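To start, the structure under review is shown below, and the notes come after it.
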Amino acid sequence: MNKSKLNVAVIGLGTVGSGVIKLLRKQKNNIKKRTGIELKVVAVSAKNIRKQRSVDISPFRWIASPLTIAKDPDVDVIVELIGDMDNTARKIIIEAINNGKHVVTANKSLLAKEGSVFEELAKEKGVFLRYEAAVAGGIPIIKVLQDSLIVNKISKLYGVINGTCNFILTKMESEEREYQDVFSEAKQLGYVESDPRLDIGGIDSAHKLALLSCLAFGTSLNFKAVKTEGIDHLSIEDIQEADLIGYKIKLLAIAEYSRNMLKQEVSPKLIRKSSPIAQVNGSTNIIAIEGEEIGTTVFSGPGAGMGPTASSVVSDLVAIASRKTKSTFLNGDKKNDSKSDDSVSKKSSFYLRFILKDKPGVIARLSGKLGSFGISINQMKQKPHPKQKATLIMTTHKTLRTNLNKALTDIMKLKICEQRPVCIEIQEV
């Protein structure tokens, strides 16, 4: 590799890929002035050369097969931005590293599953694997964990790291609309992945959380251990009821390391309105980190979009060109003993919503079943519901999640509920 120049190939020319080319072109002189290094795009590849794009790609060599670029001797670094389609991205990364090329990727789903394999191979071949753009868009959280907070013993990190879900929940609240209506709008606006479950099912957040966890705690990468729940069962009624008692509902990603055990979870939570986490709206992301020396530090910014994500990609390219990069710890030395169940001794309060058959005695039977598991009701109110049903809203005093789950299972067996109850933990962050 020429120390004063880095030849770059961009694979994938969608929103982010086009943004990377635009940014490199716009900041070419500034990057060279500040680092002494020229970042030069020499080749590009995508599905369709004829597609109309927001950037002119005619100055670059077009290579139809991305695997061919991975072997090209004139390329120093591959920027992989095609996503996890048909195993192609995996093949490109493996091929590029095996051919001595550095890799920059935004592919969080692939990294969450095989990042440690890629990193081990990159170490063996003496090249760098960078992925700042894979988590939280324009927030440089990977570099923060690698460099700025390296001397801190981190005990906990949490935040809102999926812009689509936050957009939907914000719209539901501000415009008093039901989930399905806002979801349809988000889909029309292009905010939702081609497989919607990745966003609204919490899977995208789980991918990102798995990556952040191993960086923060030095644990091995284990995406499968992230307990994951989405937002598609939530109603405008839940959001309004949360508001009345001083909370907002957010899809929270949280990882906590204690007593050699890592707990990783993505699920909706009730967050106090006064918390910085609750005040993040739209597609903005926010991440809080609790460290031994720094206390709690909060990072917030755009979680996606052409400019922020391209900025993260280009910052990785500069780090590689400057040789100011290192292992990203995706193959941490601590065993990941994450638990996917609720066998945790910590007690929490919960918000519950039941749609009950409107018959005499159903509330008494429900309350009795909760009481049999030691679950104490803090607040409760009944609301009318169309079609001979009743809506029951309640919050509990602090209790074990395992006990509540058992009680809810037994309540469903009583056949007094019209649908599965909504249960959301009240999280103090």
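In the structure tokens, chains take letters A, B, ... by order of appearance, with residues numbered from 1 within each chain and ligands from 1 in the order shown.
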query: Got a sec to tell me which of stretch 73-280 of chain A DSSP assigns to alpha helix (DSSP H), as number ranges by chain?
result: A: 88-98, 108-125, 141-143, 163-175, 179-188, 197-200, 203-217, 236-244
Selection: 9 Å around A:Thr391, only C-alpha atoms, excl. self and same-chain fewer than 5 positions, as a PyMOL selection string: chain A and resi 353-357+381-385
Which residues of stretch 228-332 of chain A sit at most 10 Å from stretch 139-145 of chain A, using only C-alpha atoms? Give each one's shortest atom pair and distance in Å (one decimal place), in chain and ascending residue order, as a tab-separated table.
```
residue	atom	partner	partner_atom	distance
A:Asn285	CA	A:Ile139	CA	8.1
A:Ile286	CA	A:Ile139	CA	8.6
A:Ile287	CA	A:Ile141	CA	8.2
A:Ile289	CA	A:Leu145	CA	9.3
A:Phe299	CA	A:Ile139	CA	7.1
A:Ser300	CA	A:Ile139	CA	6.7
A:Gly301	CA	A:Ile139	CA	5.7
A:Pro302	CA	A:Ile139	CA	7.0
A:Gly303	CA	A:Ile139	CA	7.2
A:Ala304	CA	A:Ile139	CA	9.5
A:Pro308	CA	A:Ile139	CA	7.9
A:Thr309	CA	A:Ile139	CA	8.8
A:Ser311	CA	A:Pro140	CA	9.5
A:Ser312	CA	A:Pro140	CA	7.0
A:Ser315	CA	A:Pro140	CA	9.1
A:Asp316	CA	A:Lys143	CA	9.5
A:Thr325	CA	A:Lys143	CA	9.3
A:Thr328	CA	A:Ile142	CA	8.2
```
field: In stretch 89-331 of chain A, DSSP strand (DSSP E or B) residues written as a ChimeraX atom specification
entry: /A:102-105,129-130,154-160,219-220,227-228,247-258,261-272,284-291,295-302,331
task: Please provide the set of residues having any atom within 7 Å of stretch 147-164 of chain A, restricted to only C-alpha atoms, with same-chain residues fewer than 5 positions apart removed, written as an MDAnalysis selection string.
output: chainID A and resid 136 191:192 199 204:205 216:217 251:258 277 282:293 303
message: Can you tell me which residues surround A:Glu114 at a distance of at most 10 Å, considering only C-alpha atoms, apart from same-chain residues fewer than 2 positions away, and format the answer as a list of chain:residue names?
response: A:Arg90, A:Lys108, A:Ser109, A:Leu110, A:Leu111, A:Ala112, A:Ser116, A:Val117, A:Phe118, A:Glu119, A:Leu221, A:Asn222, A:Phe223, A:Leu330, A:Asn331
Hey, can you spit out that residue selection with N, CA and C atoms as an mmCIF file, in the first residue's frame?
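Saved the output as part-v1.cif:
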```cif
data_model
loop_
_atom_site.group_PDB
_atom_site.id
_atom_site.type_symbol
_atom_site.label_atom_id
_atom_site.label_comp_id
_atom_site.auth_asym_id
_atom_site.auth_seq_id
_atom_site.Cartn_x
_atom_site.Cartn_y
_atom_site.Cartn_z
ATOM 1 N N ARG A 90 -20.668 -11.811 2.567
ATOM 2 C CA ARG A 90 -19.719 -12.653 3.310
ATOM 3 C C ARG A 90 -18.566 -13.092 2.401
ATOM 4 N N LYS A 108 -24.161 -4.715 9.750
ATOM 5 C CA LYS A 108 -24.261 -5.129 11.152
ATOM 6 C C LYS A 108 -24.788 -6.547 11.321
ATOM 7 N N SER A 109 -25.724 -6.983 10.457
ATOM 8 C CA SER A 109 -26.283 -8.325 10.631
ATOM 9 C C SER A 109 -25.228 -9.397 10.403
ATOM 10 N N LEU A 110 -24.398 -9.205 9.384
ATOM 11 C CA LEU A 110 -23.334 -10.170 9.107
ATOM 12 C C LEU A 110 -22.252 -10.124 10.177
ATOM 13 N N LEU A 111 -21.896 -8.925 10.620
ATOM 14 C CA LEU A 111 -20.886 -8.782 11.666
ATOM 15 C C LEU A 111 -21.358 -9.394 12.978
ATOM 16 N N ALA A 112 -22.634 -9.215 13.303
ATOM 17 C CA ALA A 112 -23.160 -9.752 14.552
ATOM 18 C C ALA A 112 -23.077 -11.275 14.589
ATOM 19 N N SER A 116 -16.382 -12.095 14.571
ATOM 20 C CA SER A 116 -15.170 -12.643 15.192
ATOM 21 C C SER A 116 -14.371 -13.479 14.198
ATOM 22 N N VAL A 117 -15.074 -14.151 13.275
ATOM 23 C CA VAL A 117 -14.385 -14.933 12.229
ATOM 24 C C VAL A 117 -13.618 -13.996 11.308
ATOM 25 N N PHE A 118 -14.270 -12.899 10.898
ATOM 26 C CA PHE A 118 -13.617 -11.931 10.017
ATOM 27 C C PHE A 118 -12.412 -11.292 10.701
ATOM 28 N N GLU A 119 -12.574 -10.955 11.973
ATOM 29 C CA GLU A 119 -11.474 -10.282 12.672
ATOM 30 C C GLU A 119 -10.275 -11.204 12.844
ATOM 31 N N LEU A 221 -18.516 -12.601 21.004
ATOM 32 C CA LEU A 221 -19.678 -12.156 20.238
ATOM 33 C C LEU A 221 -20.754 -13.240 20.244
ATOM 34 N N ASN A 222 -21.962 -12.875 20.688
ATOM 35 C CA ASN A 222 -23.032 -13.872 20.776
ATOM 36 C C ASN A 222 -24.383 -13.216 20.527
ATOM 37 N N PHE A 223 -24.704 -12.999 19.262
ATOM 38 C CA PHE A 223 -25.971 -12.364 18.891
ATOM 39 C C PHE A 223 -27.168 -13.193 19.325
ATOM 40 N N LEU A 330 -13.725 -8.019 18.430
ATOM 41 C CA LEU A 330 -14.897 -8.852 18.174
ATOM 42 C C LEU A 330 -14.685 -10.300 18.596
ATOM 43 N N ASN A 331 -13.446 -10.641 18.889
ATOM 44 C CA ASN A 331 -13.178 -11.983 19.423
ATOM 45 C C ASN A 331 -12.717 -11.845 20.872
#
```
query: Which residues, written as a PyMOL selection string, have at least one atom at most 12 Å from A:Ala364, with only C-alpha atoms counted and residues fewer than 4 positions away on the same chain left out?
result: chain A and resi 356+359-360+368-371+392+411+414+416
With C-alpha atoms kept, could you save the residues just selected as a PDB file, in the first residue's frame?
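For reference, out.pdb as written:
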```pdb
ATOM      1  CA  LEU A 356     -61.056  -8.978  28.953  1.00  0.00           C
ATOM      2  CA  LYS A 359     -68.393 -10.929  32.239  1.00  0.00           C
ATOM      3  CA  PRO A 360     -68.916 -10.832  36.001  1.00  0.00           C
ATOM      4  CA  GLY A 368     -56.412 -13.312  42.366  1.00  0.00           C
ATOM      5  CA  LYS A 369     -54.052 -15.030  39.953  1.00  0.00           C
ATOM      6  CA  LEU A 370     -51.565 -12.117  40.126  1.00  0.00           C
ATOM      7  CA  GLY A 371     -51.782 -12.213  43.921  1.00  0.00           C
ATOM      8  CA  LEU A 392     -57.963  -3.154  32.097  1.00  0.00           C
ATOM      9  CA  ILE A 411     -54.239 -15.956  33.293  1.00  0.00           C
ATOM     10  CA  LEU A 414     -58.426 -18.928  32.480  1.00  0.00           C
ATOM     11  CA  ILE A 416     -60.883 -14.528  30.277  1.00  0.00           C
TER      12      ILE A 416
END
```
- prompt: Any idea what's packed within 9 Å of A:Phe373, counting only C-alpha atoms, ignoring anything in its chain fewer than 5 positions away? Could you give it as an MDAnalysis selection string?
  reply: chainID A and resid 368 403:404 406:407
message: Could you check the closest approach to A:Phe128 for each of A:Asp76, A:Asp195, A:Glu173, A:Asp358 and tell me which residue wins, using only C-alpha atoms?
response: A:Asp76
task: Return the single residue from A:Gly17, A:Gly137, A:Pro66, A:Gly230 that is closest to A:Ile168, with distances computed using only C-alpha atoms.
output: A:Gly230
Can you build me a table of stretch 258-366 of chain A residues sitting at most 10 Å from stretch 24-30 of chain A, with the closest atom pair per residue and its distance in Å to one decimal, using only C-alpha atoms, sorted by chain and residue number, as a tab-separated table?
```
residue	atom	partner	partner_atom	distance
A:Ala310	CA	A:Leu24	CA	9.1
A:Ser311	CA	A:Leu24	CA	9.3
A:Val314	CA	A:Leu24	CA	7.2
A:Leu317	CA	A:Leu24	CA	10.0
```
Saved selection, atoms kept: N, CA and C atoms, as a short mmCIF file (atom, residue, chain, number, x, y, z; two decimals), in the first residue's frame:
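Dumped everything to result-v4.cif:
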```cif
data_model
loop_
_atom_site.label_atom_id
_atom_site.label_comp_id
_atom_site.auth_asym_id
_atom_site.auth_seq_id
_atom_site.Cartn_x
_atom_site.Cartn_y
_atom_site.Cartn_z
N ALA A 310 -22.21 7.85 5.65
CA ALA A 310 -21.04 8.03 4.79
C ALA A 310 -19.88 8.63 5.57
N SER A 311 -20.18 9.54 6.49
CA SER A 311 -19.14 10.14 7.32
C SER A 311 -18.42 9.07 8.14
N VAL A 314 -16.12 7.01 5.78
CA VAL A 314 -14.91 7.75 5.39
C VAL A 314 -13.95 7.90 6.57
N LEU A 317 -11.94 4.88 6.63
CA LEU A 317 -10.93 4.91 5.57
C LEU A 317 -9.73 5.76 5.98
#
```
- request: Work out how far atom CA of A:Asp232 is from atom CA of A:Lys171, in Å to one decimal.
  value: 14.0 Å
field: Nearest to A:Ser322, chosen from A:Ile294, A:Ile37, A:Ala43, A:Val77, with only C-alpha atoms counted in the distances
entry: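 Checking each of A:Ile294, A:Ile37, A:Ala43, A:Val77 against A:Ser322, counting only C-alpha atoms, the winner is A:Ile37.
Put simply, atom CA of A:Val44 is 23.6 Å away from atom CA of A:Ser194.
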